[in-house]
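What's in target19.txt: compact mmCIF, C-alpha atoms
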# COMPACT_ATOMS: atom_id res chain seq x y z
CA MET A 1 -8.88 -13.25 4.01
CA ALA A 2 -7.72 -14.76 7.30
CA ARG A 3 -9.13 -13.08 10.31
CA ALA A 4 -6.90 -10.53 12.02
CA VAL A 5 -6.45 -10.83 15.78
CA ALA A 6 -5.86 -7.14 16.60
CA HIS A 7 -5.06 -3.72 15.19
CA CYS A 8 -3.45 -0.40 16.08
CA LEU A 9 -2.94 3.04 14.61
CA PHE A 10 0.45 4.70 14.24
CA ALA A 11 1.72 8.13 13.25
CA THR A 12 3.59 8.71 9.98
CA ALA A 13 4.85 11.71 8.03
CA ILE A 14 1.61 11.72 6.01
CA GLY A 15 -0.82 11.11 8.91
CA ASP A 16 -2.10 8.30 11.11
CA CYS A 17 -2.00 4.89 9.44
CA GLY A 18 -3.46 1.64 10.70
CA ILE A 19 -2.29 -1.96 10.73
CA ALA A 20 -3.99 -5.24 11.60
CA TRP A 21 -2.32 -8.58 12.07
CA THR A 22 -2.72 -12.30 12.54
CA ASP A 23 -0.38 -14.27 14.77
CA GLU A 24 2.19 -14.49 11.96
CA ALA A 25 1.48 -11.90 9.26
CA ILE A 26 0.09 -8.49 8.40
CA ALA A 27 -3.63 -8.79 7.66
CA ALA A 28 -4.19 -5.20 6.45
CA VAL A 29 -2.56 -1.77 6.35
CA GLN A 30 -4.49 1.47 5.95
CA LEU A 31 -3.18 4.82 4.76
CA PRO A 32 -4.49 7.94 6.54
CA GLU A 33 -8.09 9.05 6.24
CA VAL A 34 -9.40 12.48 7.28
CA ASP A 35 -9.02 11.56 10.96
CA ALA A 36 -7.84 8.65 13.10
CA GLU A 37 -11.35 7.26 13.54
CA GLY A 38 -11.86 7.23 9.77
CA THR A 39 -8.57 5.36 9.37
CA ARG A 40 -9.67 2.82 11.99
CA ARG A 41 -13.09 2.31 10.38
CA ARG A 42 -11.60 1.73 6.93
CA LEU A 43 -8.92 -0.62 8.32
CA LEU A 44 -11.55 -2.69 10.13
CA ARG A 45 -13.50 -3.11 6.87
CA TYR A 46 -10.54 -5.22 5.70
CA ALA A 47 -9.54 -6.74 9.03
CA GLY A 48 -12.91 -7.37 10.65
CA GLU A 49 -13.99 -6.11 14.06
CA VAL A 50 -10.86 -6.85 16.06
CA PRO A 51 -9.65 -5.14 19.22
CA GLN A 52 -7.02 -2.47 19.40
CA ALA A 53 -3.84 -3.80 21.00
CA GLN A 54 -0.15 -3.15 21.39
CA ALA A 55 1.69 -4.39 18.32
CA PRO A 56 3.73 -7.57 18.78
CA GLU A 57 7.42 -7.37 17.92
CA PHE A 58 7.12 -8.32 14.23
CA VAL A 59 4.35 -5.75 13.72
CA ALA A 60 6.23 -3.04 15.64
CA ALA A 61 9.21 -3.66 13.34
CA ALA A 62 6.92 -3.39 10.28
CA ILE A 63 5.43 -0.14 11.62
CA ALA A 64 8.91 1.36 12.05
CA ARG A 65 9.77 0.48 8.47
CA ILE A 66 6.50 1.87 7.08
CA GLN A 67 7.09 5.09 9.03
CA SER A 68 10.58 5.32 7.55
CA LEU A 69 9.31 4.67 4.02
CA LEU A 70 6.68 7.40 4.36
CA ALA A 71 9.42 9.77 5.60
CA GLY A 72 11.56 9.13 2.52
CA ALA A 73 13.61 6.00 3.26
CA HIS A 74 14.08 3.63 0.35
CA ASP A 75 12.81 0.35 1.80
CA ASP A 76 10.83 -1.95 -0.49
CA LEU A 77 9.14 -3.76 2.45
CA CYS A 78 9.15 -6.92 0.29
CA ASP A 79 10.06 -9.22 3.16
CA LEU A 80 7.12 -8.22 5.38
CA PRO A 81 4.78 -11.22 5.69
CA LEU A 82 1.27 -10.65 4.33
CA GLU A 83 -1.79 -12.74 5.10
CA LEU A 84 -3.11 -13.50 1.63
CA ALA A 85 -5.71 -16.14 2.52
CA GLY A 86 -8.92 -15.16 0.78
CA VAL A 87 -7.24 -12.70 -1.60
CA PRO A 88 -8.17 -13.68 -5.18
CA PRO A 89 -5.31 -15.35 -7.09
CA PHE A 90 -5.20 -12.64 -9.77
CA HIS A 91 -4.89 -9.97 -7.07
CA CYS A 92 -2.06 -11.94 -5.41
CA LYS A 93 -0.17 -11.96 -8.73
CA VAL A 94 -0.73 -8.22 -9.20
CA TYR A 95 0.40 -7.54 -5.62
CA ALA A 96 3.56 -9.63 -6.10
CA ILE A 97 4.57 -7.65 -9.20
CA THR A 98 3.69 -4.37 -7.52
CA ARG A 99 5.75 -5.25 -4.42
CA ALA A 100 8.77 -5.69 -6.68
CA ILE A 101 8.66 -2.04 -7.85
CA PRO A 102 11.47 -0.30 -5.94
CA PRO A 103 10.82 2.98 -4.13
CA GLY A 104 11.28 5.88 -6.52
CA GLU A 105 10.30 3.86 -9.57
CA VAL A 106 6.95 3.42 -11.27
CA LEU A 107 5.18 1.13 -13.73
CA THR A 108 1.96 1.66 -15.63
CA TYR A 109 -1.10 -0.54 -15.23
CA GLY A 110 -0.34 -1.85 -18.72
CA GLU A 111 3.25 -2.72 -17.79
CA VAL A 112 2.04 -4.66 -14.75
CA ALA A 113 -0.46 -6.48 -16.99
CA ARG A 114 2.31 -7.37 -19.46
CA ARG A 115 4.49 -8.69 -16.62
CA LEU A 116 1.54 -10.87 -15.63
CA GLY A 117 1.51 -12.26 -19.18
CA GLU A 118 -1.92 -10.67 -19.72
CA PRO A 119 -1.28 -7.55 -21.81
CA GLY A 120 -4.98 -6.73 -22.14
CA ALA A 121 -5.60 -6.74 -18.39
CA ALA A 122 -4.59 -3.17 -17.47
CA ARG A 123 -8.10 -2.35 -16.23
CA ALA A 124 -8.21 -5.54 -14.13
CA VAL A 125 -4.82 -4.59 -12.66
CA GLY A 126 -6.27 -1.21 -11.68
CA GLN A 127 -9.28 -2.87 -10.09
CA ALA A 128 -7.07 -5.25 -8.10
CA LEU A 129 -4.93 -2.36 -6.87
CA GLY A 130 -8.08 -0.42 -5.97
CA LYS A 131 -8.89 -3.23 -3.52
CA ASN A 132 -5.35 -3.45 -2.13
CA PRO A 133 -5.64 -4.04 1.65
CA PHE A 134 -1.90 -3.59 2.22
CA ALA A 135 -0.93 -0.08 1.03
CA PRO A 136 1.90 0.98 1.19
CA VAL A 137 3.41 -2.49 1.80
CA VAL A 138 1.92 -3.34 -1.59
CA PRO A 139 2.90 0.01 -3.14
CA CYS A 140 -0.04 0.61 -5.45
CA HIS A 141 0.94 4.29 -5.51
CA ARG A 142 3.85 3.26 -7.76
CA VAL A 143 1.50 2.17 -10.55
CA LEU A 144 0.39 4.91 -12.94
CA ALA A 145 -1.98 5.22 -15.86
CA ALA A 146 -0.67 5.32 -19.43
CA GLY A 147 1.38 8.38 -20.29
CA GLY A 148 2.52 8.86 -16.70
CA GLN A 149 -0.88 10.09 -15.51
CA SER A 150 -1.64 9.40 -11.86
CA GLY A 151 -4.71 7.26 -12.46
CA GLY A 152 -7.00 6.46 -9.56
CA PHE A 153 -6.06 6.03 -5.93
CA SER A 154 -8.43 4.85 -3.23
CA ALA A 155 -6.66 6.44 -0.24
CA GLU A 156 -8.01 9.66 1.27
CA GLY A 157 -7.03 12.53 -0.98
CA GLY A 158 -7.05 10.29 -4.05
CA ALA A 159 -4.51 11.09 -6.74
CA MET A 160 -2.97 13.92 -4.70
CA THR A 161 -2.03 11.44 -1.94
CA LYS A 162 -0.55 9.13 -4.58
CA LEU A 163 1.52 11.98 -6.01
CA ARG A 164 2.61 13.08 -2.54
CA MET A 165 3.83 9.55 -1.76
CA LEU A 166 5.73 9.43 -5.05
CA GLU A 167 7.29 12.82 -4.28
CA ILE A 168 8.43 11.54 -0.86
CA GLU A 169 10.14 8.68 -2.73
CA ARG A 170 11.62 11.13 -5.26
CA ALA A 171 10.01 9.13 -8.05
CA GLN A 172 11.08 9.82 -11.61
CA TRP A 173 9.54 8.92 -14.93
CA GLY A 174 9.92 10.21 -18.42
CA ALA A 175 12.07 13.34 -18.55
CA THR A 176 10.75 14.57 -15.19
CA ARG A 177 13.16 14.51 -12.25
CA SER A 178 10.44 14.91 -9.66
CA LEU A 179 6.77 15.64 -9.61
CA PHE A 180 6.98 18.95 -7.78
CA SER A 181 10.43 20.37 -8.52
Mind turning the file's structure into structure tokens?
Amino acid sequence: MARAVAHCLFATAIGDCGIAWTDEAIAAVQLPEVDAEGTRRRLLRYAGEVPQAQAPEFVAAAIARIQSLLAGAHDDLCDLPLELAGVPPFHCKVYAITRAIPPGEVLTYGEVARRLGEPGAARAVGQALGKNPFAPVVPCHRVLAAGGQSGGFSAEGGAMTKLRMLEIERAQWGATRSLFS
């Protein structure tokens, strides 16, 4: 992955998130951990040891959109530039399909694998999403296990955070209108 030049933390409806950037793209995004320092530490595992700085204009605009998404706005964030240098090609393909899932909709790991043209690769899809350095810009929370089960989620709080994010988006699948209503 290309080296980020700086990072910052920002408040959202679900807690403090982090973002790191290069001169032209987002290098990593981190969902909230237990505290701000935990979020920063996890972000810097993806971004490298880069200084904290004020976000440039394109990053500030991305932050505003991520904040809106996590407050319930339906923004797919698909046009935000991601720094994919060093990301394995299979992961890039998985991330591209996952980015195309609109807010409020879900796919299963198997459906993503089929869209890749690799119907037996559901487990590999899950592994790629488990290493996603761009959540929620790459909305791995919108990918579920077979039968509508939550499956794994590497953000703090695990599956409960995934379900909370889907609830914010008013996600529906099967005969269920919403997860918590």
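Closest approach to A:Trp21 among A:Leu84, A:Ala64, A:Leu77, A:Glu33 is made by A:Leu84 (distances from all atoms listed in the file).
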message: What's around stretch 92-102 of chain A at 7 Å? Count all atoms listed in the file, leave out sequence neighbours fewer than 6 positions away in its own chain, and write the answer as a PyMOL selection string.
response: chain A and resi 76+78+112+125+138-140
query: Any idea what the distance is between atom CA of A:Ala27 and atom CA of A:Arg123?
result: 25.1 Å
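Distance check against A:Ala73 using all atoms listed in the file: of A:Asn132, A:Ala121, A:Pro103, A:Gly126, the minimum falls on A:Pro103.
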message: Report, in Å to a single decimal, how far apart atom CA of A:Ala20 and atom CA of A:Leu80 are.
response: 13.1 Å
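With all atoms listed in the file as the atoms that count, the residue of A:Glu57, A:Ala4, A:Ala62, A:Leu44 with the shortest distance to A:Pro136 is A:Ala62.
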field: Atomic separation - atom CA of A:Cys8 relative to atom CA of A:Gly104, Å
entry: 27.7 Å
message: Need the shell around A:Ala47: protein/DNA/RNA residues with any atom at most 9 Å away, counting only C-alpha atoms. Skip same-chain ones fewer than 2 positions apart. Format as number ranges by chain?
response: A: 1-7, 19-21, 27-29, 42-45, 49-50, 133
message: Ranking A:Leu107, A:Leu9, A:Gly72, A:Val34 by minimum distance to A:Val59 and counting only C-alpha atoms, which one comes first?
response: A:Leu9
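Comparing A:Ala71, A:Asp35, A:Arg40, A:Asp23 by their smallest distance to A:Phe58, the closest is A:Asp23 (using all atoms listed in the file).
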message: When you count all atoms listed in the file, which of these residues is closest to A:Glu37: A:Ala128, A:Val106, A:Cys17, A:Ala145?
response: A:Cys17
